[in-house]
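> Sharing my_file_18.cif, mmCIF, C-alpha atoms:
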data_my_file
loop_
_atom_site.label_atom_id
_atom_site.label_comp_id
_atom_site.auth_asym_id
_atom_site.auth_seq_id
_atom_site.Cartn_x
_atom_site.Cartn_y
_atom_site.Cartn_z
CA MET L 1 56.74 51.58 -48.23
CA SER L 2 57.91 50.49 -51.66
CA GLU L 3 56.31 51.59 -54.91
CA SER L 4 52.54 51.38 -55.02
CA ALA L 5 51.22 48.13 -56.44
CA VAL L 6 48.20 49.98 -57.72
CA SER L 7 47.93 53.64 -58.59
CA VAL L 8 44.79 55.27 -59.92
CA GLN L 9 44.84 58.95 -60.84
CA HIS L 10 41.85 61.09 -61.79
CA LEU L 11 39.89 58.23 -63.29
CA SER L 12 36.65 59.23 -64.96
CA LYS L 13 34.01 57.37 -66.94
CA THR L 14 30.69 58.42 -68.39
CA PHE L 15 27.94 56.16 -69.69
CA GLY L 16 25.87 58.36 -72.01
CA THR L 17 25.28 61.49 -69.95
CA HIS L 18 25.69 59.69 -66.64
CA ALA L 19 29.07 60.23 -64.95
CA VAL L 20 29.71 56.89 -63.23
CA LEU L 21 33.25 57.75 -62.10
CA GLN L 22 34.51 61.25 -61.38
CA ASP L 23 38.10 62.02 -60.51
CA VAL L 24 38.70 58.73 -58.69
CA SER L 25 42.25 58.55 -57.29
CA PHE L 26 43.86 56.11 -54.87
CA GLU L 27 47.09 54.25 -54.26
CA VAL L 28 47.58 50.81 -52.77
CA PRO L 29 51.07 50.07 -51.41
CA ALA L 30 52.43 46.61 -52.18
CA GLY L 31 51.29 44.00 -49.68
CA GLN L 32 48.27 45.92 -48.45
CA THR L 33 44.61 45.04 -48.57
CA PHE L 34 42.38 47.80 -49.86
CA ALA L 35 38.59 47.79 -49.75
CA LEU L 36 36.30 49.77 -52.03
CA LEU L 37 33.07 50.49 -50.20
CA GLY L 38 29.91 51.81 -51.72
CA ARG L 39 26.23 51.26 -52.22
CA ASN L 40 24.97 49.43 -55.26
CA GLY L 41 25.69 51.55 -58.29
CA ALA L 42 28.32 53.69 -56.55
CA GLY L 43 30.96 52.72 -59.11
CA LYS L 44 32.83 49.85 -57.43
CA THR L 45 32.53 47.38 -60.28
CA THR L 46 33.19 50.07 -62.89
CA THR L 47 36.41 50.99 -61.07
CA ILE L 48 37.47 47.36 -60.94
CA ARG L 49 36.67 46.79 -64.61
CA ALA L 50 38.73 49.85 -65.51
CA LEU L 51 41.63 48.54 -63.40
CA LEU L 52 41.59 45.32 -65.38
CA GLY L 53 41.36 47.05 -68.74
CA LEU L 54 37.93 45.56 -69.38
CA LEU L 55 36.45 49.02 -69.72
CA PRO L 56 38.32 51.94 -71.30
CA PRO L 57 38.13 54.99 -69.03
CA ASP L 58 37.37 58.45 -70.45
CA GLY L 59 40.21 60.00 -68.52
CA GLY L 60 42.88 59.34 -65.92
CA GLN L 61 45.87 57.07 -65.44
CA ILE L 62 46.07 53.56 -64.05
CA ARG L 63 49.16 51.56 -63.11
CA ILE L 64 48.64 48.12 -61.73
CA ALA L 65 51.51 45.74 -60.93
CA GLY L 66 53.67 47.91 -63.18
CA CYS L 67 51.26 47.66 -66.14
CA ASP L 68 49.07 50.10 -67.96
CA PRO L 69 45.79 48.21 -68.58
CA ALA L 70 45.30 49.90 -71.96
CA ARG L 71 48.79 49.10 -73.24
CA ASP L 72 49.80 45.84 -71.59
CA PRO L 73 46.58 43.84 -71.27
CA LEU L 74 48.32 40.48 -71.56
CA GLU L 75 51.10 41.16 -69.08
CA LEU L 76 48.47 42.58 -66.73
CA ARG L 77 46.56 39.30 -66.79
CA ARG L 78 49.74 37.47 -65.87
CA ARG L 79 50.37 39.68 -62.86
CA VAL L 80 46.82 40.20 -61.64
CA GLY L 81 44.29 37.66 -60.40
CA TYR L 82 40.60 38.51 -60.74
CA LEU L 83 37.53 37.12 -59.07
CA ALA L 84 34.46 38.57 -60.77
CA GLU L 85 31.28 39.45 -58.94
CA ASP L 86 29.07 37.32 -61.18
CA GLN L 87 31.76 34.86 -62.16
CA SER L 88 30.34 32.53 -64.75
CA MET L 89 32.54 29.51 -65.13
CA TYR L 90 31.93 26.67 -67.51
CA GLY L 91 29.28 24.78 -65.59
CA TRP L 92 29.83 21.51 -67.40
CA MET L 93 33.49 21.32 -66.40
CA THR L 94 34.76 19.89 -63.15
CA PRO L 95 37.18 21.96 -61.04
CA VAL L 96 40.07 19.81 -62.27
CA GLU L 97 39.04 20.30 -65.91
CA LEU L 98 38.71 24.04 -65.37
CA CYS L 99 42.26 24.22 -64.02
CA ARG L 100 43.56 22.18 -66.97
CA PHE L 101 41.65 24.47 -69.33
CA LEU L 102 42.97 27.70 -67.80
CA ALA L 103 46.61 26.67 -67.34
CA PRO L 104 47.76 27.32 -70.95
CA PHE L 105 46.53 30.92 -70.78
CA TYR L 106 49.02 31.72 -68.01
CA PRO L 107 52.76 31.28 -68.43
CA ARG L 108 53.15 31.33 -64.65
CA TRP L 109 50.30 28.93 -63.89
CA ASN L 110 51.35 26.77 -60.96
CA ALA L 111 49.51 23.46 -61.33
CA ALA L 112 50.77 22.15 -58.00
CA LEU L 113 49.49 25.28 -56.26
CA ALA L 114 46.11 25.02 -58.03
CA ASN L 115 45.90 21.47 -56.73
CA GLN L 116 46.77 22.59 -53.23
CA TYR L 117 44.03 25.22 -53.29
CA LEU L 118 41.48 22.62 -54.40
CA ASP L 119 42.55 20.54 -51.41
CA ARG L 120 42.67 23.35 -48.89
CA PHE L 121 39.32 24.72 -49.98
CA GLU L 122 37.94 21.17 -49.81
CA LEU L 123 36.56 21.41 -53.33
CA PRO L 124 35.24 18.23 -54.92
CA ARG L 125 37.39 17.54 -57.94
CA GLN L 126 35.07 15.47 -60.06
CA VAL L 127 31.78 17.31 -59.58
CA ARG L 128 30.51 19.62 -62.29
CA ILE L 129 30.90 23.28 -61.44
CA GLU L 130 27.17 23.91 -61.96
CA ARG L 131 26.50 21.59 -59.05
CA LEU L 132 28.81 23.35 -56.59
CA SER L 133 27.33 25.45 -53.81
CA LYS L 134 27.70 29.23 -53.97
CA GLY L 135 30.44 29.11 -51.33
CA GLN L 136 32.31 26.39 -53.20
CA SER L 137 32.17 28.25 -56.49
CA VAL L 138 33.52 31.44 -54.85
CA LYS L 139 36.38 29.36 -53.46
CA LEU L 140 36.99 27.79 -56.85
CA GLY L 141 37.00 31.27 -58.36
CA LEU L 142 39.57 32.31 -55.77
CA ALA L 143 41.69 29.21 -56.41
CA VAL L 144 41.87 29.85 -60.16
CA ALA L 145 42.43 33.58 -59.59
CA LEU L 146 45.46 32.79 -57.43
CA ALA L 147 46.96 29.76 -59.14
CA HIS L 148 49.19 31.86 -61.37
CA GLU L 149 50.64 33.54 -58.28
CA PRO L 150 49.55 37.09 -59.15
CA GLN L 151 51.15 40.09 -57.46
CA VAL L 152 47.77 41.74 -57.17
CA ALA L 153 44.42 40.06 -56.53
CA ILE L 154 41.23 41.92 -57.38
CA LEU L 155 38.08 40.51 -55.87
CA ASP L 156 34.75 42.02 -56.81
CA ASP L 157 32.35 41.56 -53.91
CA PRO L 158 33.66 38.08 -53.13
CA ALA L 159 31.50 37.58 -50.07
CA LEU L 160 28.24 38.47 -51.83
CA GLY L 161 25.72 35.70 -51.40
CA LEU L 162 27.82 33.65 -49.00
CA ASP L 163 26.28 32.55 -45.73
CA PRO L 164 27.88 33.89 -42.52
CA ILE L 165 30.01 30.80 -41.92
CA SER L 166 31.30 30.66 -45.50
CA ARG L 167 32.01 34.37 -45.34
CA LYS L 168 34.12 33.92 -42.26
CA GLU L 169 35.95 31.01 -43.89
CA PHE L 170 36.47 33.10 -46.97
CA TYR L 171 38.03 35.95 -45.00
CA ARG L 172 40.23 33.51 -43.15
CA ASP L 173 41.43 32.18 -46.52
CA LEU L 174 42.02 35.72 -47.68
CA VAL L 175 44.15 36.47 -44.63
CA GLU L 176 45.97 33.14 -44.88
CA HIS L 177 46.56 32.86 -48.60
CA LEU L 178 46.86 36.48 -49.68
CA GLN L 179 47.93 38.74 -46.82
CA ALA L 180 50.31 36.28 -45.23
CA GLU L 181 52.02 35.84 -48.59
CA GLY L 182 52.47 39.57 -49.04
CA ARG L 183 50.13 39.97 -51.99
CA THR L 184 48.28 43.16 -52.72
CA VAL L 185 44.50 42.81 -52.57
CA ILE L 186 41.77 45.11 -53.79
CA TYR L 187 38.25 44.06 -53.05
CA SER L 188 34.84 45.59 -53.00
CA SER L 189 32.17 44.94 -50.45
CA HIS L 190 29.27 46.39 -48.62
CA LEU L 191 29.54 44.13 -45.61
CA LEU L 192 31.39 46.63 -43.52
CA ALA L 193 31.71 44.78 -40.24
CA GLU L 194 33.88 42.24 -42.02
CA VAL L 195 35.84 44.79 -43.99
CA GLU L 196 37.20 46.37 -40.85
CA ALA L 197 38.89 43.20 -39.69
CA VAL L 198 40.58 42.58 -43.00
CA ALA L 199 41.34 45.83 -44.83
CA ASP L 200 44.41 48.00 -44.23
CA ALA L 201 42.74 50.90 -45.98
CA VAL L 202 39.31 51.73 -47.36
CA ALA L 203 37.85 54.15 -49.86
CA ILE L 204 34.21 55.15 -49.65
CA LEU L 205 32.72 55.60 -53.12
CA ASP L 206 29.51 57.54 -53.45
CA ARG L 207 27.89 58.32 -56.78
CA GLY L 208 31.13 57.87 -58.65
CA ARG L 209 33.34 59.90 -56.32
CA ILE L 210 35.65 58.90 -53.51
CA VAL L 211 34.29 60.80 -50.53
CA ARG L 212 36.87 59.46 -48.06
CA HIS L 213 39.99 57.39 -48.34
CA GLY L 214 42.27 56.32 -45.54
CA ALA L 215 43.77 53.64 -43.32
CA THR L 216 40.93 51.75 -41.62
CA GLU L 217 42.23 52.49 -38.13
CA VAL L 218 42.88 56.15 -38.87
CA LEU L 219 39.39 56.56 -40.29
CA ARG L 220 37.93 55.08 -37.13
CA SER L 221 39.93 57.35 -34.87
CA GLU L 222 39.23 60.50 -36.89
CA VAL L 223 35.54 60.10 -37.58
CA GLN L 224 33.67 60.22 -34.30
CA ARG L 225 30.29 60.95 -32.84
CA LEU L 226 29.41 63.53 -30.23
CA ILE L 227 26.24 64.36 -28.34
CA LEU L 228 25.75 67.99 -27.41
CA PRO L 229 22.84 70.21 -26.40
CA VAL L 230 21.09 71.99 -29.25
CA ALA L 231 21.50 75.27 -27.36
CA VAL L 232 25.31 74.89 -27.40
CA ALA L 233 25.33 74.11 -31.11
CA ARG L 234 23.10 77.03 -32.00
CA ARG L 235 25.62 79.52 -30.62
CA ARG L 236 28.34 78.15 -32.89
CA SER L 237 28.96 77.79 -36.57
CA PRO L 238 29.05 74.22 -37.90
CA PRO L 239 32.45 72.63 -37.22
CA THR L 240 34.80 71.76 -40.08
CA GLY L 241 34.35 68.19 -41.25
CA LEU L 242 30.73 67.96 -40.09
CA LEU L 243 29.15 64.92 -41.73
CA ASP L 244 25.84 64.36 -40.04
CA VAL L 245 23.45 66.02 -37.64
CA ARG L 246 20.53 64.34 -35.95
CA ARG L 247 18.31 65.98 -33.43
CA GLN L 248 16.72 64.11 -30.57
CA GLY L 249 14.71 66.42 -28.35
CA ASP L 250 17.08 69.10 -27.08
CA GLN L 251 20.19 67.05 -27.86
CA LEU L 252 22.13 66.86 -31.10
CA GLU L 253 24.01 63.81 -32.24
CA ILE L 254 26.70 64.91 -34.65
CA VAL L 255 29.39 63.10 -36.64
CA ILE L 256 32.60 64.92 -37.49
CA ASP L 257 35.56 63.91 -39.63
CA GLY L 258 38.46 65.35 -37.62
CA MET L 259 36.86 65.78 -34.21
CA GLU L 260 39.79 67.26 -32.31
CA PRO L 261 39.57 71.00 -33.16
CA PHE L 262 35.90 71.04 -32.21
CA ILE L 263 36.61 69.22 -28.96
CA ASP L 264 39.30 71.80 -28.18
CA GLU L 265 36.84 74.59 -28.95
CA LEU L 266 34.19 73.14 -26.64
CA THR L 267 36.73 72.41 -23.89
CA ALA L 268 38.00 76.00 -24.09
CA ALA L 269 34.40 77.10 -23.59
CA GLY L 270 34.27 75.16 -20.34
CA LEU L 271 32.38 72.11 -21.59
CA SER L 272 33.57 68.52 -21.25
CA PRO L 273 32.62 66.83 -24.50
CA GLN L 274 32.84 63.02 -24.68
CA PRO L 275 33.21 61.88 -28.28
CA SER L 276 32.77 58.19 -29.02
CA THR L 277 34.09 55.89 -31.73
CA MET L 278 31.70 54.50 -34.31
CA THR L 279 31.31 51.31 -36.27
CA LEU L 280 32.48 51.37 -39.88
CA ASP L 281 28.82 50.95 -40.83
CA ASP L 282 27.90 54.19 -39.07
CA ILE L 283 30.90 56.00 -40.52
CA PHE L 284 29.90 54.87 -44.00
CA GLU L 285 26.34 56.01 -43.45
CA ALA L 286 27.47 59.44 -42.23
CA PHE L 287 29.52 59.97 -45.40
CA VAL L 288 26.89 58.68 -47.78
CA ILE L 289 23.59 59.90 -46.36
CA GLY L 290 24.68 62.33 -43.65
CA ARG L 291 22.84 65.65 -43.36
CA PRO L 292 25.35 68.30 -42.23
CA GLN L 293 22.92 70.97 -43.49
CA ASP L 294 20.71 70.20 -40.48
CA TRP L 295 23.02 72.10 -38.11
CA PRO L 296 20.73 74.34 -36.01
CA THR L 297 20.95 78.05 -36.56
CA ASP L 298 19.82 81.02 -34.51
CA GLU L 299 16.97 81.62 -36.90
CA SER L 300 15.35 78.27 -36.21
CA PRO L 301 12.43 78.62 -33.79
CA SER L 302 13.94 77.93 -30.38
CA GLY L 303 10.73 76.77 -28.76
CA ALA L 304 9.81 74.05 -31.23
CA SER L 305 11.61 70.81 -30.51
CA VAL L 306 11.67 68.48 -33.45
CA VAL L 307 12.04 64.89 -32.47
CA ALA L 308 13.85 62.88 -35.11
CA MET J 1 45.13 32.37 -24.55
CA PHE J 2 41.57 33.18 -25.48
CA LEU J 3 40.55 36.21 -27.49
CA HIS J 4 37.07 37.18 -28.46
CA ILE J 5 36.70 39.59 -31.35
CA GLU J 6 33.40 41.29 -31.90
CA ARG J 7 32.97 42.34 -35.50
CA GLY J 8 30.93 45.43 -36.21
CA SER J 9 31.57 46.75 -32.71
CA SER J 10 32.18 50.44 -32.15
CA VAL J 11 35.47 49.42 -30.51
CA PRO J 12 38.08 49.07 -33.26
CA ILE J 13 39.38 45.51 -33.74
CA SER J 14 42.98 46.51 -33.02
CA ARG J 15 41.93 47.99 -29.70
CA GLN J 16 39.90 44.89 -28.83
CA ILE J 17 42.91 42.63 -29.40
CA THR J 18 45.34 44.99 -27.65
CA GLU J 19 43.17 45.39 -24.58
CA GLN J 20 42.48 41.68 -24.20
CA LEU J 21 46.12 40.71 -24.59
CA ARG J 22 47.25 43.48 -22.27
CA ALA J 23 44.74 42.46 -19.62
CA GLN J 24 45.85 38.83 -19.85
CA CYS J 25 49.52 39.78 -19.53
CA LEU J 26 48.89 42.08 -16.59
CA ALA J 27 46.62 39.72 -14.73
CA GLY J 28 48.96 36.76 -15.21
CA ALA J 29 46.61 34.69 -17.36
CA LEU J 30 49.56 34.82 -19.75
CA ARG J 31 52.72 34.10 -17.77
CA PRO J 32 56.19 35.51 -18.35
CA GLY J 33 57.97 33.28 -20.85
CA ASP J 34 54.75 32.05 -22.49
CA LYS J 35 55.05 31.96 -26.25
CA LEU J 36 52.35 33.79 -28.19
CA PRO J 37 51.14 32.58 -31.58
CA SER J 38 53.01 34.15 -34.49
CA VAL J 39 51.48 37.17 -36.19
CA ARG J 40 50.37 34.99 -39.09
CA GLU J 41 48.89 32.31 -36.86
CA LEU J 42 46.93 34.77 -34.76
CA ALA J 43 45.74 36.64 -37.86
CA GLN J 44 44.48 33.40 -39.38
CA GLN J 45 42.92 32.23 -36.15
CA LEU J 46 40.99 35.48 -35.71
CA ALA J 47 40.53 36.11 -39.46
CA VAL J 48 41.99 39.56 -38.90
CA ASN J 49 44.38 41.55 -41.09
CA VAL J 50 47.99 40.43 -40.63
CA ASN J 51 49.20 44.03 -40.40
CA THR J 52 46.66 44.77 -37.66
CA VAL J 53 47.98 41.92 -35.53
CA PHE J 54 51.54 43.02 -36.25
CA ARG J 55 50.77 46.54 -35.04
CA VAL J 56 49.15 45.17 -31.88
CA TYR J 57 52.26 43.11 -31.11
CA GLU J 58 54.47 46.13 -31.75
CA ARG J 59 52.39 48.28 -29.44
CA LEU J 60 52.48 45.70 -26.64
CA ALA J 61 56.22 45.27 -27.18
CA ALA J 62 56.65 49.05 -26.81
CA GLU J 63 54.80 48.74 -23.50
CA LYS J 64 57.30 45.99 -22.56
CA LEU J 65 54.50 43.50 -21.99
CA ILE J 66 55.72 41.19 -24.73
CA GLU J 67 59.01 40.73 -26.51
CA LEU J 68 59.52 40.07 -30.22
CA ARG J 69 62.57 37.82 -30.40
CA HIS J 70 63.84 37.99 -33.93
CA GLY J 71 63.61 34.68 -35.74
CA ASP J 72 62.29 32.94 -32.67
CA GLY J 73 58.87 34.20 -31.72
CA THR J 74 56.91 36.41 -29.42
CA TYR J 75 57.07 35.91 -25.67
CA VAL J 76 55.35 37.37 -22.64
CA CYS J 77 57.74 39.51 -20.55
CA GLN J 78 58.41 39.66 -16.86
CA PRO J 79 56.03 42.43 -15.73
CA GLN J 80 57.69 45.76 -15.05
CA GLN J 81 57.09 48.01 -12.07
CA GLU J 82 54.62 50.20 -13.92
CA ALA J 83 52.69 47.13 -15.02
CA GLN J 84 51.27 46.92 -11.53
CA SER J 85 49.85 50.41 -11.73
CA GLN J 86 48.51 49.64 -15.21
CA LEU J 87 46.77 46.62 -13.78
CA ALA J 88 45.32 48.78 -11.02
CA THR J 89 44.07 51.26 -13.63
CA GLN J 90 42.47 48.50 -15.67
CA ARG J 91 40.81 47.08 -12.59
CA GLU J 92 39.50 50.49 -11.64
CA LYS J 93 38.03 50.89 -15.10
CA TYR J 94 36.52 47.43 -14.85
CA PHE J 95 34.88 48.25 -11.51
CA ARG J 96 33.39 51.45 -12.91
CA GLU J 97 31.83 49.42 -15.74
CA PHE J 98 30.74 46.77 -13.26
CA ASP J 99 29.03 49.39 -11.10
CA ALA J 100 27.26 50.78 -14.14
CA VAL J 101 26.01 47.34 -15.14
CA ILE J 102 24.68 46.74 -11.64
CA GLN J 103 22.91 50.09 -11.73
CA GLN J 104 21.27 49.11 -14.99
CA GLY J 105 20.13 45.85 -13.42
CA VAL J 106 18.55 47.70 -10.51
CA LEU J 107 16.75 49.98 -12.96
CA LEU J 108 15.42 46.87 -14.69
CA GLY J 109 13.90 45.78 -11.40
CA LEU J 110 16.41 43.06 -10.47
CA THR J 111 16.83 42.47 -6.76
CA ALA J 112 20.07 42.11 -4.84
CA ALA J 113 19.35 38.38 -4.59
CA ASP J 114 18.91 38.10 -8.37
CA LEU J 115 22.22 39.82 -8.95
CA ARG J 116 24.03 37.74 -6.35
CA SER J 117 22.76 34.44 -7.71
CA ARG J 118 23.73 35.55 -11.23
CA LEU J 119 27.23 36.39 -10.06
CA THR J 120 27.57 33.04 -8.32
CA ALA J 121 26.32 31.23 -11.41
CA VAL J 122 28.79 33.02 -13.72
CA LEU J 123 31.71 32.41 -11.38
CA SER J 124 30.89 28.73 -10.92
CA LYS J 125 30.78 28.24 -14.71
CA ARG J 126 34.40 29.35 -14.95
CA THR J 127 35.82 26.76 -12.56
#
Written as structure tokens, that's how I'd like the structure from this file.

Amino acid sequence: MSESAVSVQHLSKTFGTHAVLQDVSFEVPAGQTFALLGRNGAGKTTTIRALLGLLPPDGGQIRIAGCDPARDPLELRRRVGYLAEDQSMYGWMTPVELCRFLAPFYPRWNAALANQYLDRFELPRQVRIERLSKGQSVKLGLAVALAHEPQVAILDDPALGLDPISRKEFYRDLVEHLQAEGRTVIYSSHLLAEVEAVADAVAILDRGRIVRHGATEVLRSEVQRLILPVAVARRRSPPTGLLDVRRQGDQLEIVIDGMEPFIDELTAAGLSPQPSTMTLDDIFEAFVIGRPQDWPTDESPSGASVVA
Amino acid sequence: MFLHIERGSSVPISRQITEQLRAQCLAGALRPGDKLPSVRELAQQLAVNVNTVFRVYERLAAEKLIELRHGDGTYVCQPQQEAQSQLATQREKYFREFDAVIQQGVLLGLTAADLRSRLTAVLSKRT
């Protein structure tokens, strides 16, 4: 892969005494789609605002499309397209007026392309923006974020508030107009079922830290679920990479990041464990609210069966 | 060619696409010489990451089920010898799942007649 289109190293940010970002690092190779996943308040928007230079970080380095957001804010805006989460556009303008208004800010604004996007997204040209539907205004936001042909597109929770059909259309546009043209995309979301289909790689943010980062497919093959009897677990120490433990009667349902060594261990002991793959939703949950500390120990009363 | 992608399934999307395409190649629903949609077209059609579709095509090409002809397109190959045994394996797997589904039906109190009429109904819908 060529040089990373986006590189974030040891990013940190504190609001007052509250650390909103701690040692956040990730790289996005050119042409890939990268999803930031996290609950509300996990630090997704703060990360994005730091990437764009809208928020000075307390520490760390950022390179995005060859720019340092602190030093080259103007060049960065030329190379990066941004769709804000709560994009407020001038409601009294029409889409055509908005394009005409924005064009002079961007040396590489492509008016013909902007026009094409308005067509392809079936946006009414002469209707005031305040009267567009939510789905239409997201599409307009995307059109104006892409009309200057940015190398990197940053989309902050673009699908938020869209109905299921518009969401699907939106992702199809993303695949068609961004991925197929080789652009690098960073977007944040908490609709994980849709992320899986679209993202090359994901990072799970939790309370300002990246708890897991990896190619979507790799993550799904490495993080798996296993059911095993409590009695078997009790004789062993918790496996490396244990993320979650749930007890149901005399069975344990566990989630492990890096299942293989534990499977080998159980197989060597004469068991035939059957791990299963999980949805991205379940993987996310295991990382964010998993309870690995619930692994049963010898000391726990063996007779009492706690039903979860 | 008809693919159905279930989002939010515990089966990864790449595996869903791979398995459905493989099954259609092996069973002859896709015939040797048939042209598949381009990576971009299929990605758009399914609203799935372009790189994911590309990897699926590469995997199936490595299995010699399809052929990526440079600058031309992607075509279904003449099935190889081992394709037959692959098909047999897939059918075996299918029958195991089928048996399990029937067992579930019996546990739910369905009779043999119920199951038979359901099977007939499903099959007649396809023709």
> Evaluate the PyMOL selection byres ((chain L and resi 294) around 10) here and jot the selected residues down as a compact mmCIF listing (two decimals) with C-alpha atoms, in the coordinates of the input.

# COMPACT_ATOMS: atom_id res chain seq x y z
CA PRO L 238 29.05 74.22 -37.90
CA ASP L 244 25.84 64.36 -40.04
CA VAL L 245 23.45 66.02 -37.64
CA ARG L 246 20.53 64.34 -35.95
CA ARG L 247 18.31 65.98 -33.43
CA ILE L 254 26.70 64.91 -34.65
CA GLY L 290 24.68 62.33 -43.65
CA ARG L 291 22.84 65.65 -43.36
CA PRO L 292 25.35 68.30 -42.23
CA GLN L 293 22.92 70.97 -43.49
CA TRP L 295 23.02 72.10 -38.11
CA PRO L 296 20.73 74.34 -36.01
CA THR L 297 20.95 78.05 -36.56
> Please report as a VMD selection string which residues of chain L come no farther than 9 Å from chain J, using only C-alpha atoms.
chain L and resid 32 to 33 168 to 169 171 to 176 179 to 180 192 to 194 196 to 200 217 220 to 221 276 to 282
> What does the distance from CA of Ile48 in chain L to CA of Arg77 in chain L come to in Å, to one decimal?
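Straight-line distance from CA of Ile48 in chain L to CA of Arg77 in chain L works out to 13.5 Å.
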> I'd like the interatomic distance between CA of Gly43 in chain L and CA of Asp163 in chain L, to a tenth of an Å.
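Separating CA of Gly43 in chain L from CA of Asp163 in chain L is a distance of 24.7 Å.
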> Run through the PyMOL selection byres ((chain J and resi 19) around 12) on the given coordinates and return the selected residues as a PDB file with C-alpha atoms, in the frame of the given file.

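Resulting contents of part.pdb:
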ATOM      1  CA  LEU J   3      40.550  36.210 -27.490  1.00  0.00           C
ATOM      2  CA  HIS J   4      37.070  37.180 -28.460  1.00  0.00           C
ATOM      3  CA  ILE J   5      36.700  39.590 -31.350  1.00  0.00           C
ATOM      4  CA  VAL J  11      35.470  49.420 -30.510  1.00  0.00           C
ATOM      5  CA  PRO J  12      38.080  49.070 -33.260  1.00  0.00           C
ATOM      6  CA  ILE J  13      39.380  45.510 -33.740  1.00  0.00           C
ATOM      7  CA  SER J  14      42.980  46.510 -33.020  1.00  0.00           C
ATOM      8  CA  ARG J  15      41.930  47.990 -29.700  1.00  0.00           C
ATOM      9  CA  GLN J  16      39.900  44.890 -28.830  1.00  0.00           C
ATOM     10  CA  ILE J  17      42.910  42.630 -29.400  1.00  0.00           C
ATOM     11  CA  THR J  18      45.340  44.990 -27.650  1.00  0.00           C
ATOM     12  CA  GLN J  20      42.480  41.680 -24.200  1.00  0.00           C
ATOM     13  CA  LEU J  21      46.120  40.710 -24.590  1.00  0.00           C
ATOM     14  CA  ARG J  22      47.250  43.480 -22.270  1.00  0.00           C
ATOM     15  CA  ALA J  23      44.740  42.460 -19.620  1.00  0.00           C
ATOM     16  CA  GLN J  24      45.850  38.830 -19.850  1.00  0.00           C
ATOM     17  CA  CYS J  25      49.520  39.780 -19.530  1.00  0.00           C
ATOM     18  CA  LEU J  26      48.890  42.080 -16.590  1.00  0.00           C
ATOM     19  CA  ALA J  27      46.620  39.720 -14.730  1.00  0.00           C
ATOM     20  CA  VAL J  56      49.150  45.170 -31.880  1.00  0.00           C
ATOM     21  CA  TYR J  57      52.260  43.110 -31.110  1.00  0.00           C
ATOM     22  CA  ARG J  59      52.390  48.280 -29.440  1.00  0.00           C
ATOM     23  CA  LEU J  60      52.480  45.700 -26.640  1.00  0.00           C
ATOM     24  CA  LEU J  65      54.500  43.500 -21.990  1.00  0.00           C
ATOM     25  CA  GLN J  86      48.510  49.640 -15.210  1.00  0.00           C
ATOM     26  CA  LEU J  87      46.770  46.620 -13.780  1.00  0.00           C
ATOM     27  CA  GLN J  90      42.470  48.500 -15.670  1.00  0.00           C
ATOM     28  CA  TYR J  94      36.520  47.430 -14.850  1.00  0.00           C
TER      29      TYR J  94
END
> Find the distance between CA of Leu123 in chain J and CA of Thr111 in chain J and write it in Å to one decimal.
18.5 Å
> With all atoms listed in the file as the counted atoms, please give the residues lying no more than 7 Å from range 72-76 of chain J, apart from itself and same-chain residues fewer than 2 positions off, as a PyMOL selection string.
chain J and resi 30-36+38+65-70+78
> Which one is closest to Arg78 in chain L: L:Arg125, L:His148, L:Arg63, L:Lys13? Count all atoms listed in the file.
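When distances to Arg78 in chain L are compared using all atoms listed in the file, the smallest one comes from L:His148.
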> Name the residues in contact with Val255 in chain L at a cut-off of 6 Å, using all atoms listed in the file, excluding same-chain residues fewer than 3 positions from it; report them as a list in words.
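In the requested format, the answer is Gln224, Arg225, Leu243 and Asp244 of chain L.
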> (23.8, 80.1, -27.3) in this file's frame - what residues fall within 12 Å of it? Use all atoms listed in the file and give the answer as a PDB file with C-alpha atoms, keeping the file's coordinate frame.

ATOM      1  CA  PRO L 229      22.840  70.210 -26.400  1.00  0.00           C
ATOM      2  CA  VAL L 230      21.090  71.990 -29.250  1.00  0.00           C
ATOM      3  CA  ALA L 231      21.500  75.270 -27.360  1.00  0.00           C
ATOM      4  CA  VAL L 232      25.310  74.890 -27.400  1.00  0.00           C
ATOM      5  CA  ALA L 233      25.330  74.110 -31.110  1.00  0.00           C
ATOM      6  CA  ARG L 234      23.100  77.030 -32.000  1.00  0.00           C
ATOM      7  CA  ARG L 235      25.620  79.520 -30.620  1.00  0.00           C
ATOM      8  CA  ARG L 236      28.340  78.150 -32.890  1.00  0.00           C
ATOM      9  CA  SER L 237      28.960  77.790 -36.570  1.00  0.00           C
ATOM     10  CA  ALA L 269      34.400  77.100 -23.590  1.00  0.00           C
ATOM     11  CA  PRO L 296      20.730  74.340 -36.010  1.00  0.00           C
ATOM     12  CA  THR L 297      20.950  78.050 -36.560  1.00  0.00           C
ATOM     13  CA  ASP L 298      19.820  81.020 -34.510  1.00  0.00           C
ATOM     14  CA  GLU L 299      16.970  81.620 -36.900  1.00  0.00           C
ATOM     15  CA  SER L 302      13.940  77.930 -30.380  1.00  0.00           C
TER      16      SER L 302
END
> Let me make sure I understand: among L:Ala159, L:Val288, L:Leu21, L:Ile227, which one has the smallest atom-to-atom distance to Val195 in chain L if we use only C-alpha atoms?
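Going through L:Ala159, L:Val288, L:Leu21, L:Ile227 one by one, the smallest distance to Val195 in chain L is for L:Ala159.
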> Restricting the calculation to only C-alpha atoms, which member of L:Pro56, L:Pro164, L:Gly41, L:Gly81 is positioned closest to Tyr106 in chain L?
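Looking only at the distances to Tyr106 in chain L, the closest residue turns out to be L:Gly81.
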> Take every atom of range 265-269 of chain L listed in the file, pad by 5 Å on each side, and give me the axis-aligned box centre and edge lengths in Å, one decimal, as AutoDock Vina command-line options.

--center_x 36.1 --center_y 74.8 --center_z -26.3 --size_x 13.8 --size_y 14.7 --size_z 15.4
